[in-house]
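The structure appears right after this line, and notes come after that.
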Amino acid sequence: MSLFFNDMTVQPACTSNVHRPMGGIAGLREVHDDVGRLTVSAFPFSMVKDIPSTLGAVPACYILADHATAYIGETRNVGHRLSKHSAHPSKAFAREVYVISGYLSVWFDKTAAIYLQYRLTQIAEQAGLVDIMKGTNPQVPELPNHKRASLDQFVEHGERLLFDAGCRVLRSNFASQRRKSEATDTDMAIGPDDTRPMKIDVTDLPRLGNELELDYCDLWARGYPVRDGFVVTAGSEVRSVVNQSVNPILHARRAELAAADALAAIPGIQDRLRLRVAVCFPSPAIAAKVVTGAHVGSGKWVNRRRRRQ
């Protein structure tokens, strides 16, 4: 009997091939086997602009990761999407990229990418090895049972290739690497602005060019400073989850917004709410904390970036 026999798995023995088309050790690696339809391409986040065009213009599910955080996305054109991520401050945490695509392009389409994003996000959250950063909450597409069964094979195959490529978001022999946010006495201290009330359903309008946007986990939120505080505009998104490290006063402000019917559900999305009216907070920092549900500062409000046409 083999020393390495493990009767806890029903998966058969298998072999993965690792190809390094650009040479080196830590650069681009392409992992696949001789029977599957998937390939996982792994490379440093700093190499996004150097990835080959044959990899770039294809549908894919992808993972941006460091040892503590991961973002799982999907796209019709992974090269274009990764290029946008590389220029966005919210993705600056990433150190490695893992791209799951078809070994032949005809084997993997947008539907497969969406399904893998949904299932891999589920698996990663259940594993609890890293914090999962989300933009829009992944949605499962409506599929016939036979199609879902085929894509589940992609999920199982993709998990193995990801592990062989070095991804430890879904499975790992190490304990969780999630960052533990410890609230310090300074974090929890009550400042003079914390006791000032919010003003719900205000009508002030920003001066031209004075509007700021929130830079946090792809939340869509707009706001602007006023004489007695900071206004977050109606239509802005509010993160549903509240971090454990926040000051208890944040929970009270969230409860006040809910009691005033100022928050509305967003159909099909569970991790954020919509602000139904404009709200004036005592300061930009308090506005950022309430909107994000995290202990962040006023620096999360930044000048609006010009969008490419």
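Every chain in the structure tokens has a letter given in the order shown (A, B, ...), and although residue numbers restart at 1 in each chain, ligands are simply numbered from 1 in the order shown.
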Quick one: everything within 7 Å of range 214-220 of chain A, counting only C-alpha atoms, minus sequence neighbours fewer than 6 positions away in the same chain. Send it as an MDAnalysis selection string.
-> chainID A and resid 90 133:135 236:237 300:302
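By only C-alpha atoms, and with residues fewer than 4 positions from Phe43 in chain A along its chain excluded, the set lying at most 6 Å from it is Gly27, Leu28, Glu96 and Val97 of chain A.
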Convert the current residue selection to file output with N, CA and C atoms, as a compact mmCIF listing (two decimals), in the first residue's frame.
```txt
# COMPACT_ATOMS: atom_id res chain seq x y z
N GLY A 27 6.98 34.03 -12.99
CA GLY A 27 6.23 34.77 -14.00
C GLY A 27 4.99 34.01 -14.44
N LEU A 28 4.65 34.14 -15.71
CA LEU A 28 3.44 33.50 -16.24
C LEU A 28 3.57 31.98 -16.21
N GLU A 96 -1.21 38.47 -6.94
CA GLU A 96 -1.23 37.42 -7.96
C GLU A 96 -2.58 37.43 -8.68
N VAL A 97 -2.56 36.99 -9.94
CA VAL A 97 -3.76 36.85 -10.75
C VAL A 97 -3.86 35.39 -11.19
```
Rounded to one decimal place, report the CA of Pro225 in chain A-CA of Lys199 in chain A distance in Å.
->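 Spanning CA of Pro225 in chain A to CA of Lys199 in chain A is a straight-line distance of 13.7 Å.
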Nearest to Ala287 in chain A: which of A:Thr203, A:Thr233, A:Gln177, A:Thr15 is it, counting only C-alpha atoms?
->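 Nearest candidate to Ala287 in chain A out of A:Thr203, A:Thr233, A:Gln177, A:Thr15: A:Thr233.
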Neighbour list for Asp66 in chain A as number ranges by chain, cut-off 6 Å, only C-alpha atoms, skip fewer than 3 positions in-chain = A: 69, 94-95
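Among the candidates A:Asn247, A:Asn77, A:Ser83, A:Gln122, the one nearest to Asp109 in chain A when counting only C-alpha atoms is A:Asn77.
In terms of minimum interatomic distance to Val232 in chain A, A:Val291 ranks closest within A:Thr195, A:Ala113, A:Leu273, A:Val291, counting only C-alpha atoms.
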Could you tell me which of A:Ile72, A:Leu82, A:Ile100, A:Leu275 comes closest to Thr121 in chain A if we count only C-alpha atoms?
->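 Closest to Thr121 in chain A, using only C-alpha atoms: A:Ile72.
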Step one, run DSSP on the backbone; step two, keep only residues of range 150-292 of chain A assigned to strand (DSSP E); then write them as a ChimeraX atom specification.
-> /A:199-200,212-214,222-226,229-232,237-239,263-266,269-275,279-281
Writer output for current selection, N, CA and C atoms, as a PDB file, in the first residue's frame:
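Generated file (again-v8.pdb):
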```pdb
ATOM      1  N   LYS A 199     -28.726  64.639   9.527  1.00  0.00           N
ATOM      2  CA  LYS A 199     -29.921  65.273   8.972  1.00  0.00           C
ATOM      3  C   LYS A 199     -30.352  64.432   7.779  1.00  0.00           C
ATOM      4  N   ILE A 200     -31.497  63.802   7.898  1.00  0.00           N
ATOM      5  CA  ILE A 200     -31.972  62.885   6.868  1.00  0.00           C
ATOM      6  C   ILE A 200     -32.944  63.592   5.936  1.00  0.00           C
ATOM      7  N   LEU A 212     -17.719  64.597  -4.779  1.00  0.00           N
ATOM      8  CA  LEU A 212     -16.697  63.585  -4.596  1.00  0.00           C
ATOM      9  C   LEU A 212     -17.317  62.199  -4.753  1.00  0.00           C
ATOM     10  N   GLU A 213     -16.467  61.182  -4.951  1.00  0.00           N
ATOM     11  CA  GLU A 213     -16.949  59.814  -5.015  1.00  0.00           C
ATOM     12  C   GLU A 213     -16.215  58.954  -3.989  1.00  0.00           C
ATOM     13  N   LEU A 214     -16.866  57.866  -3.590  1.00  0.00           N
ATOM     14  CA  LEU A 214     -16.293  56.969  -2.599  1.00  0.00           C
ATOM     15  C   LEU A 214     -15.356  55.974  -3.279  1.00  0.00           C
ATOM     16  N   ARG A 222     -21.778  58.995  -3.867  1.00  0.00           N
ATOM     17  CA  ARG A 222     -21.376  60.365  -4.172  1.00  0.00           C
ATOM     18  C   ARG A 222     -21.677  61.255  -2.965  1.00  0.00           C
ATOM     19  N   GLY A 223     -20.860  62.287  -2.787  1.00  0.00           N
ATOM     20  CA  GLY A 223     -21.085  63.198  -1.675  1.00  0.00           C
ATOM     21  C   GLY A 223     -20.346  64.510  -1.883  1.00  0.00           C
ATOM     22  N   TYR A 224     -20.587  65.460  -0.997  1.00  0.00           N
ATOM     23  CA  TYR A 224     -19.936  66.761  -1.117  1.00  0.00           C
ATOM     24  C   TYR A 224     -19.963  67.468   0.239  1.00  0.00           C
ATOM     25  N   PRO A 225     -18.944  68.275   0.527  1.00  0.00           N
ATOM     26  CA  PRO A 225     -18.890  68.985   1.805  1.00  0.00           C
ATOM     27  C   PRO A 225     -19.846  70.176   1.824  1.00  0.00           C
ATOM     28  N   VAL A 226     -20.416  70.440   2.986  1.00  0.00           N
ATOM     29  CA  VAL A 226     -21.241  71.614   3.217  1.00  0.00           C
ATOM     30  C   VAL A 226     -20.753  72.284   4.498  1.00  0.00           C
ATOM     31  N   GLY A 229     -21.196  69.990   7.627  1.00  0.00           N
ATOM     32  CA  GLY A 229     -20.975  68.551   7.566  1.00  0.00           C
ATOM     33  C   GLY A 229     -20.656  68.058   6.165  1.00  0.00           C
ATOM     34  N   PHE A 230     -21.182  66.887   5.830  1.00  0.00           N
ATOM     35  CA  PHE A 230     -20.915  66.255   4.544  1.00  0.00           C
ATOM     36  C   PHE A 230     -22.183  65.540   4.093  1.00  0.00           C
ATOM     37  N   VAL A 231     -22.648  65.842   2.878  1.00  0.00           N
ATOM     38  CA  VAL A 231     -23.880  65.264   2.349  1.00  0.00           C
ATOM     39  C   VAL A 231     -23.554  64.084   1.437  1.00  0.00           C
ATOM     40  N   VAL A 232     -24.195  62.956   1.694  1.00  0.00           N
ATOM     41  CA  VAL A 232     -24.149  61.806   0.791  1.00  0.00           C
ATOM     42  C   VAL A 232     -25.452  61.819  -0.009  1.00  0.00           C
ATOM     43  N   GLU A 237     -24.883  53.878  -2.756  1.00  0.00           N
ATOM     44  CA  GLU A 237     -24.969  52.537  -2.189  1.00  0.00           C
ATOM     45  C   GLU A 237     -24.374  52.500  -0.788  1.00  0.00           C
ATOM     46  N   VAL A 238     -24.971  51.680   0.071  1.00  0.00           N
ATOM     47  CA  VAL A 238     -24.527  51.501   1.453  1.00  0.00           C
ATOM     48  C   VAL A 238     -24.232  50.025   1.655  1.00  0.00           C
ATOM     49  N   ARG A 239     -23.044  49.705   2.096  1.00  0.00           N
ATOM     50  CA  ARG A 239     -22.655  48.308   2.313  1.00  0.00           C
ATOM     51  C   ARG A 239     -23.491  47.687   3.424  1.00  0.00           C
ATOM     52  N   LEU A 263     -33.260  53.655   3.632  1.00  0.00           N
ATOM     53  CA  LEU A 263     -32.503  52.622   2.935  1.00  0.00           C
ATOM     54  C   LEU A 263     -33.450  51.685   2.200  1.00  0.00           C
ATOM     55  N   ALA A 264     -33.119  51.373   0.961  1.00  0.00           N
ATOM     56  CA  ALA A 264     -33.952  50.480   0.156  1.00  0.00           C
ATOM     57  C   ALA A 264     -33.122  49.320  -0.360  1.00  0.00           C
ATOM     58  N   ALA A 265     -33.750  48.153  -0.463  1.00  0.00           N
ATOM     59  CA  ALA A 265     -33.077  46.983  -1.027  1.00  0.00           C
ATOM     60  C   ALA A 265     -32.825  47.203  -2.519  1.00  0.00           C
ATOM     61  N   ILE A 266     -31.763  46.583  -3.032  1.00  0.00           N
ATOM     62  CA  ILE A 266     -31.455  46.623  -4.462  1.00  0.00           C
ATOM     63  C   ILE A 266     -31.803  45.252  -5.038  1.00  0.00           C
ATOM     64  N   ILE A 269     -29.397  41.982  -5.426  1.00  0.00           N
ATOM     65  CA  ILE A 269     -28.109  42.232  -4.775  1.00  0.00           C
ATOM     66  C   ILE A 269     -28.311  42.202  -3.268  1.00  0.00           C
ATOM     67  N   GLN A 270     -27.506  41.410  -2.565  1.00  0.00           N
ATOM     68  CA  GLN A 270     -27.690  41.236  -1.131  1.00  0.00           C
ATOM     69  C   GLN A 270     -26.664  41.971  -0.277  1.00  0.00           C
ATOM     70  N   ASP A 271     -25.529  42.394  -0.855  1.00  0.00           N
ATOM     71  CA  ASP A 271     -24.458  42.930  -0.018  1.00  0.00           C
ATOM     72  C   ASP A 271     -24.447  44.450   0.063  1.00  0.00           C
ATOM     73  N   ARG A 272     -25.489  45.103  -0.459  1.00  0.00           N
ATOM     74  CA  ARG A 272     -25.556  46.562  -0.369  1.00  0.00           C
ATOM     75  C   ARG A 272     -27.000  47.040  -0.469  1.00  0.00           C
ATOM     76  N   LEU A 273     -27.236  48.251   0.021  1.00  0.00           N
ATOM     77  CA  LEU A 273     -28.547  48.885   0.001  1.00  0.00           C
ATOM     78  C   LEU A 273     -28.439  50.206  -0.745  1.00  0.00           C
ATOM     79  N   ARG A 274     -29.582  50.792  -1.075  1.00  0.00           N
ATOM     80  CA  ARG A 274     -29.614  52.066  -1.779  1.00  0.00           C
ATOM     81  C   ARG A 274     -30.124  53.159  -0.833  1.00  0.00           C
ATOM     82  N   LEU A 275     -29.422  54.280  -0.794  1.00  0.00           N
ATOM     83  CA  LEU A 275     -29.863  55.422   0.002  1.00  0.00           C
ATOM     84  C   LEU A 275     -30.967  56.148  -0.765  1.00  0.00           C
ATOM     85  N   VAL A 279     -28.473  62.521   2.776  1.00  0.00           N
ATOM     86  CA  VAL A 279     -28.263  62.582   4.224  1.00  0.00           C
ATOM     87  C   VAL A 279     -27.040  63.439   4.506  1.00  0.00           C
ATOM     88  N   CYS A 280     -27.168  64.365   5.455  1.00  0.00           N
ATOM     89  CA  CYS A 280     -26.045  65.191   5.871  1.00  0.00           C
ATOM     90  C   CYS A 280     -25.451  64.607   7.152  1.00  0.00           C
ATOM     91  N   PHE A 281     -24.204  64.164   7.069  1.00  0.00           N
ATOM     92  CA  PHE A 281     -23.497  63.609   8.218  1.00  0.00           C
ATOM     93  C   PHE A 281     -22.643  64.695   8.876  1.00  0.00           C
TER      94      PHE A 281
END
```
Find the spatial neighbours of Val58 in chain A, counting only C-alpha atoms, within a cut-off of 12 Å - ignore same-chain residues fewer than 4 positions away - and output them as a list in words.
->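 Once the nearby chain positions are removed, what remains is Pro52, Ser53, Thr54, Tyr62, Glu74, Thr75, Arg76, Asn77, Val78, Gly79, His80, Arg81, Leu82, Val99, Ile100, Ser101, Gly102, Tyr103, Leu104, Ser105, Val106, Trp107, Phe108, Asp109, Lys110, Ala112 and Ala113 of chain A.
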Counting only C-alpha atoms, what is within 12 Å of Ile123 in chain A, bar same-chain residues fewer than 3 positions away, as a PyMOL selection string?
-> chain A and resi 72+116-120+126-130+132+155-156+158-159+168-171
Keeping only N, CA and C atoms, write the selected residues to a file as a PDB file, in the first residue's frame.
```
ATOM      1  N   ILE A  72     -13.012  37.838  -6.813  1.00  0.00           N
ATOM      2  CA  ILE A  72     -13.328  36.856  -7.854  1.00  0.00           C
ATOM      3  C   ILE A  72     -14.265  37.515  -8.862  1.00  0.00           C
ATOM      4  N   LEU A 116     -18.786  30.062 -12.872  1.00  0.00           N
ATOM      5  CA  LEU A 116     -17.610  29.826 -12.041  1.00  0.00           C
ATOM      6  C   LEU A 116     -17.429  30.927 -11.007  1.00  0.00           C
ATOM      7  N   GLN A 117     -17.679  32.172 -11.388  1.00  0.00           N
ATOM      8  CA  GLN A 117     -17.573  33.256 -10.397  1.00  0.00           C
ATOM      9  C   GLN A 117     -18.504  32.992  -9.218  1.00  0.00           C
ATOM     10  N   TYR A 118     -19.740  32.606  -9.507  1.00  0.00           N
ATOM     11  CA  TYR A 118     -20.725  32.347  -8.449  1.00  0.00           C
ATOM     12  C   TYR A 118     -20.292  31.189  -7.563  1.00  0.00           C
ATOM     13  N   ARG A 119     -19.908  30.060  -8.166  1.00  0.00           N
ATOM     14  CA  ARG A 119     -19.578  28.869  -7.386  1.00  0.00           C
ATOM     15  C   ARG A 119     -18.255  29.028  -6.632  1.00  0.00           C
ATOM     16  N   LEU A 120     -17.245  29.615  -7.268  1.00  0.00           N
ATOM     17  CA  LEU A 120     -15.961  29.780  -6.597  1.00  0.00           C
ATOM     18  C   LEU A 120     -16.071  30.778  -5.443  1.00  0.00           C
ATOM     19  N   GLN A 126     -17.081  29.795   2.134  1.00  0.00           N
ATOM     20  CA  GLN A 126     -17.219  28.669   3.056  1.00  0.00           C
ATOM     21  C   GLN A 126     -15.873  28.240   3.624  1.00  0.00           C
ATOM     22  N   ALA A 127     -14.819  28.320   2.816  1.00  0.00           N
ATOM     23  CA  ALA A 127     -13.484  27.947   3.288  1.00  0.00           C
ATOM     24  C   ALA A 127     -12.979  28.916   4.342  1.00  0.00           C
ATOM     25  N   GLY A 128     -13.288  30.209   4.190  1.00  0.00           N
ATOM     26  CA  GLY A 128     -12.893  31.208   5.176  1.00  0.00           C
ATOM     27  C   GLY A 128     -11.401  31.429   5.285  1.00  0.00           C
ATOM     28  N   LEU A 129     -10.653  31.152   4.228  1.00  0.00           N
ATOM     29  CA  LEU A 129      -9.202  31.297   4.273  1.00  0.00           C
ATOM     30  C   LEU A 129      -8.753  32.727   4.066  1.00  0.00           C
ATOM     31  N   VAL A 130      -9.512  33.497   3.301  1.00  0.00           N
ATOM     32  CA  VAL A 130      -9.193  34.897   3.033  1.00  0.00           C
ATOM     33  C   VAL A 130     -10.485  35.706   3.075  1.00  0.00           C
ATOM     34  N   ILE A 132     -13.167  37.896   1.232  1.00  0.00           N
ATOM     35  CA  ILE A 132     -13.613  38.003  -0.154  1.00  0.00           C
ATOM     36  C   ILE A 132     -14.144  39.408  -0.404  1.00  0.00           C
ATOM     37  N   VAL A 155     -16.108  23.504 -12.357  1.00  0.00           N
ATOM     38  CA  VAL A 155     -15.775  23.976 -11.009  1.00  0.00           C
ATOM     39  C   VAL A 155     -14.784  23.029 -10.346  1.00  0.00           C
ATOM     40  N   GLU A 156     -15.082  21.745 -10.385  1.00  0.00           N
ATOM     41  CA  GLU A 156     -14.201  20.748  -9.750  1.00  0.00           C
ATOM     42  C   GLU A 156     -12.820  20.742 -10.397  1.00  0.00           C
ATOM     43  N   GLY A 158     -11.503  23.201 -12.150  1.00  0.00           N
ATOM     44  CA  GLY A 158     -10.863  24.491 -11.903  1.00  0.00           C
ATOM     45  C   GLY A 158     -10.241  24.581 -10.522  1.00  0.00           C
ATOM     46  N   GLU A 159     -10.909  24.009  -9.498  1.00  0.00           N
ATOM     47  CA  GLU A 159     -10.350  24.013  -8.147  1.00  0.00           C
ATOM     48  C   GLU A 159      -8.975  23.357  -8.118  1.00  0.00           C
ATOM     49  N   ARG A 168      -4.364  29.806  -3.087  1.00  0.00           N
ATOM     50  CA  ARG A 168      -4.767  29.257  -1.793  1.00  0.00           C
ATOM     51  C   ARG A 168      -6.024  29.956  -1.259  1.00  0.00           C
ATOM     52  N   VAL A 169      -6.857  30.406  -2.180  1.00  0.00           N
ATOM     53  CA  VAL A 169      -8.109  31.065  -1.810  1.00  0.00           C
ATOM     54  C   VAL A 169      -9.190  30.046  -1.471  1.00  0.00           C
ATOM     55  N   LEU A 170      -9.198  28.909  -2.163  1.00  0.00           N
ATOM     56  CA  LEU A 170     -10.245  27.903  -1.997  1.00  0.00           C
ATOM     57  C   LEU A 170      -9.821  26.758  -1.087  1.00  0.00           C
ATOM     58  N   ARG A 171      -8.568  26.366  -1.181  1.00  0.00           N
ATOM     59  CA  ARG A 171      -8.031  25.261  -0.382  1.00  0.00           C
ATOM     60  C   ARG A 171      -6.611  25.616   0.036  1.00  0.00           C
TER      61      ARG A 171
END
```
What is the CA of Ser41 in chain A to CA of Tyr98 in chain A distance in Å?
->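 One can read the CA of Ser41 in chain A to CA of Tyr98 in chain A distance as 5.7 Å.
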What is the CA of Pro59 in chain A-CA of Thr111 in chain A distance in Å, reported with one decimal?
-> 9.0 Å
Out of A:Cys167, A:Leu38, A:Arg196, A:Pro141, which residue has the shortest atom-to-atom distance to Gly268 in chain A when counting only C-alpha atoms?
->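 Looking only at the distances to Gly268 in chain A, the closest residue turns out to be A:Pro141.
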From A:His85, A:Ala258, A:Gly293, A:Val31, residue lying nearest Leu162 in chain A [only C-alpha atoms] | A:Val31
